[in-house]
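Read the structure below first, then the notes.
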Amino acid sequence: MSISAMRNMPSEVIEAVSLKSSPTLVTFESVFKTYDEQNWVVNDLDLTIHQGEFLSLLGPSGSGKTTTLMMLAGFDAPDRGRIMMDGEDISRLPAYRRDMGVVFQSYALFPHMTVAQNVEFPLKLRKVPASEMRAQAREALALAKLEGFEDRMPSQLSGGQQQRVALARALVYRPRLLLMDEPLGALDKALREHMQLELKAIHKQLGITFIYVTHDQDEAMTMSDRVAVFHHGKIAQIDRPEIIYNRPSSCFVANFLGETNLFAGSILDRVDGTARVRLDDDGSVHSAQCGGGESLPGSRVALAIRPENLSFARPSESAISAQVCDAVFHGPHCKLHMRTTAGTAVCMTFNPSAIGRAVPVPGESVRLAMPAPHALVLPPP
Ligand code: ADP
Ligand code: MG
């Protein structure tokens with residue numbers, strides 16, 4: 001389904017679509033973790049992982065993503081709560097009995113072994129017979145596009161190739177889950193984007209569950225069936241990428257994924273899912289979508305709208321006034337940086353050939369409309 005189709009759907013339909021899913025594989029139940037007995041690095045985390053999904057754990061540095069992944073892998077244990085897999089408590093099950101492959105940002109290859117030996121290693125540990133071992137290793141090497149590199153040493157490979165070896169090694173015994181912690185972090189942008197598409201294809205081909213830690217929103221949006229946005233050791237929101245982008249549940253999520261304009265204001269009134277909000281900036285009134293939350297008249301709220309959803313207002317239309325600070329051309333689109341009279345920064349992107357007017361110049365005053373389907377009422381930050 002396209003994002004634009006999603007935008008015009010009532011929120012009940014969006015929720016119904018997003019709840020449709022495959023069976024549960026793993027659950028975190030009220031999991032807590034501390035390293036210093038003072039701060040909860042993972043703070044009452046509840047998480048359900050579905051069989052076969054590509055789930056990304058996305059969040060700023062220090063939000064608890066790696067700690068969560070390490071507890072899932074069995075390299076660390078929760079201080080409170082439990083982790084269940086297939087109805088069994090695996091919180092204290094040793095890592096080697098969990099049937100999970102792990103890939104880290106640092107490739108952690110054995111430097112004295114060839115590529116083939118590295119990939120065969122997990123099978124050796126599992127005492128797989130030699131002929132079977134070779135066949136499985138060959139398959140994993142092919143999956144990671146490493147044919148012809150079998151006899152090289154890790155030191156003779158580029159970063160991207162080394163990461164492919166780590167991937168083949170993690171997949172060679174066909175684990176039920178593949179866990180990855182910023183695996184593309186050390187690669188340059190072009191290679192990273194290429195590998196993202198390859199990982200997505202491998203996921204589709206194998207059908208096993210992928211859990212992917214990243215702080216890069218584009219990476220999470222590109223690959224994932226669902227994204228869990230981490231904030232202070234909790235999940236701020238978990239859903240499909242287009243829903244997280246179009247219906248963020250908080251100012252934090254709206255800001256972390258893409259750019260968002262936020263205006264402080266108060267609810268005037270509300271009819272069903274639509275509220276009218278009076279902005280503090282210039283008292284202008286705008287209609288916006290309310291999520292599930294209660295928003296009574298007088299409640300303090302934030303009104304959120306993406307830069308691509310602002311438009312130049314018609315004379316009769318309710319609008320916020322702003323002054324242009326800078327206009328920047330980015331090939332097919334133009335980005336205007338503005339300030340309201342009260343000083344709030346506003347940003348708008350548009351296709352200059354589709355606006356039916358000249359692109360405003362710095363110093364010019366503009367009136368901006370916020371189309372109601374794209375404006376969201378959020379709890380104040
Ligand atoms: P993320 O992967 O989201 O960047 P982490 O889970 O690595 O976050 O870390 C969360 C917090 O826990 C950070 O403040 C980090 O400094 C702290 N932390 C992580 N691992 C350890 C450790 N082994 N000992 C002490 N503190 C740690
Ligand atoms: Mg980390």
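Following the order of the structure tokens, first chain is A, next is B, and so on, with residues numbered from 1 inside each chain and ligands from 1 in the order they appear.
Residues of protein, DNA or RNA having any atom at most 10 Å from ligand 2, counting only C-alpha atoms and all ligand atoms, are A:Leu57, A:Leu58, A:Gly59, A:Pro60, A:Ser61, A:Gly62, A:Ser63, A:Gly64, A:Lys65, A:Thr66, A:Thr67, A:Thr68, A:Leu69, A:Met70, A:Phe104, A:Gln105, A:Asp181, A:Glu182, A:Val213, A:Thr214, A:His215.
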For the helix (DSSP H, G or I) assignment from backbone DSSP, which residues of segment 122-192 of chain A qualify? Please present them as a ChimeraX atom specification.
/A:122-125,130-143,154-156,159-171,189-192
Preceding selection exported with N, CA, C and O atoms as a short mmCIF file (atom, residue, chain, number, x, y, z; two decimals), in the first residue's frame:
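Contents of selection00.cif, as written:
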data_model
loop_
_atom_site.label_atom_id
_atom_site.label_comp_id
_atom_site.auth_asym_id
_atom_site.auth_seq_id
_atom_site.Cartn_x
_atom_site.Cartn_y
_atom_site.Cartn_z
N PRO A 122 30.71 -22.51 12.67
CA PRO A 122 29.55 -22.85 13.51
C PRO A 122 29.06 -24.28 13.28
O PRO A 122 28.53 -24.90 14.19
N LEU A 123 29.28 -24.80 12.08
CA LEU A 123 28.84 -26.17 11.78
C LEU A 123 29.78 -27.18 12.44
O LEU A 123 29.36 -28.24 12.91
N LYS A 124 31.07 -26.82 12.47
CA LYS A 124 32.06 -27.65 13.14
C LYS A 124 31.70 -27.79 14.62
O LYS A 124 31.72 -28.88 15.18
N LEU A 125 31.35 -26.64 15.23
CA LEU A 125 30.94 -26.65 16.64
C LEU A 125 29.76 -27.58 16.86
O LEU A 125 29.65 -28.24 17.88
N ALA A 130 31.34 -33.71 7.53
CA ALA A 130 32.14 -32.89 6.62
C ALA A 130 31.45 -32.57 5.29
O ALA A 130 31.44 -31.42 4.86
N SER A 131 30.83 -33.57 4.66
CA SER A 131 30.27 -33.34 3.33
C SER A 131 29.07 -32.39 3.43
O SER A 131 28.92 -31.45 2.63
N GLU A 132 28.25 -32.61 4.44
CA GLU A 132 27.10 -31.75 4.67
C GLU A 132 27.56 -30.33 4.98
O GLU A 132 26.98 -29.35 4.52
N MET A 133 28.64 -30.26 5.78
CA MET A 133 29.19 -28.97 6.19
C MET A 133 29.59 -28.15 4.96
O MET A 133 29.25 -26.98 4.85
N ARG A 134 30.28 -28.84 4.03
CA ARG A 134 30.75 -28.13 2.85
C ARG A 134 29.55 -27.62 2.01
O ARG A 134 29.56 -26.49 1.53
N ALA A 135 28.55 -28.46 1.88
CA ALA A 135 27.37 -28.08 1.08
C ALA A 135 26.65 -26.89 1.71
O ALA A 135 26.29 -25.93 1.02
N GLN A 136 26.47 -26.93 3.03
CA GLN A 136 25.77 -25.83 3.70
C GLN A 136 26.57 -24.54 3.63
O GLN A 136 26.02 -23.46 3.45
N ALA A 137 27.90 -24.66 3.78
CA ALA A 137 28.76 -23.48 3.72
C ALA A 137 28.69 -22.87 2.32
O ALA A 137 28.62 -21.66 2.16
N ARG A 138 28.69 -23.75 1.30
CA ARG A 138 28.64 -23.26 -0.08
C ARG A 138 27.34 -22.46 -0.30
O ARG A 138 27.34 -21.41 -0.92
N GLU A 139 26.26 -22.98 0.24
CA GLU A 139 24.97 -22.32 0.10
C GLU A 139 24.98 -20.93 0.77
O GLU A 139 24.52 -19.95 0.20
N ALA A 140 25.54 -20.89 1.99
CA ALA A 140 25.59 -19.61 2.72
C ALA A 140 26.49 -18.60 2.01
O ALA A 140 26.18 -17.41 1.94
N LEU A 141 27.61 -19.10 1.45
CA LEU A 141 28.52 -18.21 0.72
C LEU A 141 27.84 -17.65 -0.53
O LEU A 141 28.01 -16.49 -0.88
N ALA A 142 27.04 -18.49 -1.18
CA ALA A 142 26.32 -18.04 -2.37
C ALA A 142 25.28 -16.98 -1.99
O ALA A 142 25.14 -15.97 -2.66
N LEU A 143 24.59 -17.24 -0.89
CA LEU A 143 23.58 -16.30 -0.41
C LEU A 143 24.19 -14.91 -0.16
O LEU A 143 23.59 -13.89 -0.45
N PRO A 154 40.62 -13.09 5.86
CA PRO A 154 39.85 -11.86 6.12
C PRO A 154 40.63 -10.58 5.82
O PRO A 154 40.06 -9.61 5.32
N SER A 155 41.95 -10.60 6.06
CA SER A 155 42.75 -9.39 5.84
C SER A 155 42.82 -9.02 4.35
O SER A 155 43.20 -7.91 4.01
N GLN A 156 42.45 -9.97 3.47
CA GLN A 156 42.50 -9.68 2.03
C GLN A 156 41.15 -9.22 1.50
O GLN A 156 40.94 -9.21 0.30
N GLY A 159 35.92 -4.04 3.76
CA GLY A 159 34.97 -4.04 4.88
C GLY A 159 33.64 -4.67 4.51
O GLY A 159 33.09 -5.48 5.25
N GLY A 160 33.15 -4.33 3.33
CA GLY A 160 31.86 -4.86 2.88
C GLY A 160 31.92 -6.37 2.70
O GLY A 160 30.99 -7.08 3.07
N GLN A 161 33.05 -6.85 2.16
CA GLN A 161 33.19 -8.30 1.96
C GLN A 161 33.31 -9.03 3.30
O GLN A 161 32.74 -10.11 3.49
N GLN A 162 34.03 -8.42 4.24
CA GLN A 162 34.16 -9.04 5.57
C GLN A 162 32.78 -9.15 6.23
O GLN A 162 32.47 -10.14 6.89
N GLN A 163 31.96 -8.12 6.02
CA GLN A 163 30.63 -8.17 6.64
C GLN A 163 29.77 -9.25 5.98
O GLN A 163 28.94 -9.87 6.63
N ARG A 164 30.00 -9.48 4.72
CA ARG A 164 29.28 -10.58 4.04
C ARG A 164 29.68 -11.93 4.63
O ARG A 164 28.85 -12.84 4.75
N VAL A 165 30.98 -12.07 4.97
CA VAL A 165 31.44 -13.33 5.58
C VAL A 165 30.76 -13.50 6.95
O VAL A 165 30.27 -14.59 7.28
N ALA A 166 30.71 -12.42 7.72
CA ALA A 166 30.05 -12.49 9.03
C ALA A 166 28.58 -12.89 8.87
O ALA A 166 28.05 -13.68 9.65
N LEU A 167 27.95 -12.37 7.83
CA LEU A 167 26.54 -12.68 7.56
C LEU A 167 26.39 -14.16 7.18
O LEU A 167 25.51 -14.86 7.69
N ALA A 168 27.27 -14.64 6.28
CA ALA A 168 27.22 -16.05 5.88
C ALA A 168 27.44 -16.95 7.08
O ALA A 168 26.77 -17.98 7.24
N ARG A 169 28.37 -16.57 7.94
CA ARG A 169 28.66 -17.39 9.13
C ARG A 169 27.46 -17.43 10.08
O ARG A 169 27.19 -18.44 10.72
N ALA A 170 26.74 -16.29 10.17
CA ALA A 170 25.58 -16.25 11.08
C ALA A 170 24.40 -17.03 10.51
O ALA A 170 23.55 -17.50 11.26
N LEU A 171 24.36 -17.14 9.18
CA LEU A 171 23.20 -17.79 8.55
C LEU A 171 23.42 -19.26 8.22
O LEU A 171 22.47 -19.97 7.90
N LYS A 189 28.33 5.14 2.31
CA LYS A 189 26.89 5.29 2.09
C LYS A 189 26.37 4.44 0.92
O LYS A 189 25.36 3.74 1.06
N ALA A 190 27.08 4.46 -0.19
CA ALA A 190 26.60 3.74 -1.38
C ALA A 190 26.55 2.23 -1.11
O ALA A 190 25.57 1.56 -1.43
N LEU A 191 27.61 1.73 -0.49
CA LEU A 191 27.68 0.29 -0.18
C LEU A 191 26.61 -0.08 0.84
O LEU A 191 25.97 -1.14 0.76
N ARG A 192 26.41 0.82 1.80
CA ARG A 192 25.41 0.57 2.84
C ARG A 192 24.02 0.43 2.22
O ARG A 192 23.27 -0.48 2.52
#
In segment 111-353 of chain A, DSSP strand (DSSP E) residues written as a PyMOL selection string:
chain A and resi 177-181+209-214+226-231+234-239+261-271+274-279+285-290+300-305+311-312+320-330+333-340+345-350
Which of these residues is nearest to ligand 1, using only C-alpha atoms and all ligand atoms: A:Pro78, A:Pro241, A:Pro352, A:Gly233?
A:Gly233
Can you tell me, as a PyMOL selection string, what residues are no more than 9 Å from Thr24 of chain A when counting only C-alpha atoms, ignoring any on the same chain fewer than 5 positions away?
chain A and resi 48-51+85-86
Of the residues A:Glu259, A:Glu53, A:Glu29, A:Asp36, which is the one nearest to Gly81 of chain A, using only C-alpha atoms?
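Ranked by minimum distance to Gly81 of chain A, first place goes to A:Glu29.
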Would you list the contacts of Ala327 of chain A as a PDB file with C-alpha atoms, in the first residue's frame, taking every protein, DNA or RNA residue within 7 Å and counting only C-alpha atoms, but skipping same-chain residues closer than 3 positions in sequence?
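Below you can see around_39.pdb, which holds the result:
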ATOM      1  CA  CYS A 334      12.896  23.388  -2.963  1.00  0.00           C
ATOM      2  CA  LYS A 335      13.187  23.860   0.791  1.00  0.00           C
ATOM      3  CA  LEU A 336      12.085  27.057   2.516  1.00  0.00           C
ATOM      4  CA  HIS A 337      13.383  27.910   5.963  1.00  0.00           C
ATOM      5  CA  VAL A 361      12.575  34.990  -1.632  1.00  0.00           C
ATOM      6  CA  PRO A 362      14.304  35.678   1.711  1.00  0.00           C
TER       7      PRO A 362
END
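The smallest atom-to-atom distance between Ala304 of chain A and any of A:Ser56, A:Ser365, A:Ser249, A:Ser321, using only C-alpha atoms, is found for A:Ser249.
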Rank A:Glu147, A:Asp76, A:Glu219, A:Asp239 by their smallest atom-to-atom distance to ligand 1, using only C-alpha atoms and all ligand atoms, and report the top residue only.
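Selected residue with least distance to ligand 1: A:Asp76.
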With only C-alpha atoms as the counted atoms, please give the residues lying no more than 12 Å from Glu88 of chain A, apart from itself and same-chain residues fewer than 2 positions off, as a tab-separated table (two decimals) with N, CA, C and O atoms, in the first residue's frame.
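Output file result04.tsv follows:
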chain	number	residue	atom	x	y	z
A	25	LEU	N	6.62	-15.04	18.06
A	25	LEU	CA	7.79	-15.89	18.25
A	25	LEU	C	8.43	-15.63	19.62
A	25	LEU	O	8.73	-16.54	20.37
A	26	VAL	N	8.65	-14.33	19.92
A	26	VAL	CA	9.33	-13.95	21.17
A	26	VAL	C	8.56	-12.82	21.82
A	26	VAL	O	8.02	-11.94	21.13
A	27	THR	N	8.49	-12.82	23.16
A	27	THR	CA	7.97	-11.64	23.86
A	27	THR	C	8.92	-11.24	24.98
A	27	THR	O	9.48	-12.10	25.67
A	28	PHE	N	9.12	-9.94	25.12
A	28	PHE	CA	9.75	-9.37	26.30
A	28	PHE	C	8.61	-8.95	27.21
A	28	PHE	O	7.70	-8.25	26.77
A	82	ARG	N	10.87	-11.10	32.06
A	82	ARG	CA	11.35	-12.31	31.38
A	82	ARG	C	11.18	-12.21	29.86
A	82	ARG	O	10.42	-11.38	29.35
A	83	ILE	N	11.92	-13.08	29.19
A	83	ILE	CA	11.87	-13.17	27.73
A	83	ILE	C	11.35	-14.57	27.39
A	83	ILE	O	11.91	-15.56	27.86
A	84	MET	N	10.28	-14.61	26.62
A	84	MET	CA	9.64	-15.89	26.28
A	84	MET	C	9.83	-16.18	24.80
A	84	MET	O	9.73	-15.29	23.96
A	85	MET	N	10.09	-17.47	24.49
A	85	MET	CA	10.13	-17.90	23.08
A	85	MET	C	9.34	-19.19	22.99
A	85	MET	O	9.61	-20.13	23.74
A	86	ASP	N	8.36	-19.23	22.11
A	86	ASP	CA	7.49	-20.42	21.99
A	86	ASP	C	6.91	-20.83	23.34
A	86	ASP	O	6.86	-22.02	23.66
A	90	ILE	N	13.13	-18.06	28.23
A	90	ILE	CA	14.53	-18.25	27.80
A	90	ILE	C	15.47	-17.23	28.45
A	90	ILE	O	16.63	-17.13	28.06
A	91	SER	N	14.96	-16.47	29.44
A	91	SER	CA	15.76	-15.38	30.02
A	91	SER	C	17.17	-15.83	30.42
A	91	SER	O	18.11	-15.06	30.32
A	92	ARG	N	17.30	-17.06	30.91
A	92	ARG	CA	18.61	-17.52	31.40
A	92	ARG	C	19.19	-18.65	30.54
A	92	ARG	O	20.16	-19.30	30.92
A	93	LEU	N	18.57	-18.91	29.40
A	93	LEU	CA	19.06	-19.97	28.51
A	93	LEU	C	20.38	-19.50	27.88
A	93	LEU	O	20.46	-18.38	27.37
A	98	ARG	N	20.07	-21.03	21.86
A	98	ARG	CA	18.91	-20.22	21.47
A	98	ARG	C	18.58	-20.28	19.98
A	98	ARG	O	17.59	-19.73	19.55
Shortest interatomic distance to Asp151 of chain A - which of A:Thr209, A:Gln117, A:Ser250, A:Gln237, counting only C-alpha atoms:
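Of A:Thr209, A:Gln117, A:Ser250, A:Gln237, the one nearest Asp151 of chain A is A:Gln117, counting only C-alpha atoms.
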Please determine, counting only C-alpha atoms and all ligand atoms, which residue among A:Asp216, A:Asp282, A:Asp225, A:Glu150 has the shortest atom-to-atom distance to ligand 1.
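Looking only at the distances to ligand 1, the closest residue turns out to be A:Asp216.
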Neighbours of Asn261 of chain A within 7 Å (only C-alpha atoms; same-chain residues fewer than 6 positions away dropped), as a PyMOL selection string?
chain A and resi 304-307+346-347
So which residues touch segment 30-34 of chain A within 7 Å, counting only C-alpha atoms, skipping near sequence neighbours fewer than 5 positions away, as a list of chain:residue names?
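My list of contacting residues is A:Asn39, A:Trp40, A:Val41, A:Val42, A:Asn43, A:Asp44, A:Leu45, A:Asp46, A:Pro78, A:Asp79, A:Arg80, A:Gly81, A:Arg82.
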Could you work out how far atom CA of Ala372 of chain A lies from atom CA of Ile267 of chain A, giving the answer in Å with one decimal?
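It comes out at 14.2 Å.
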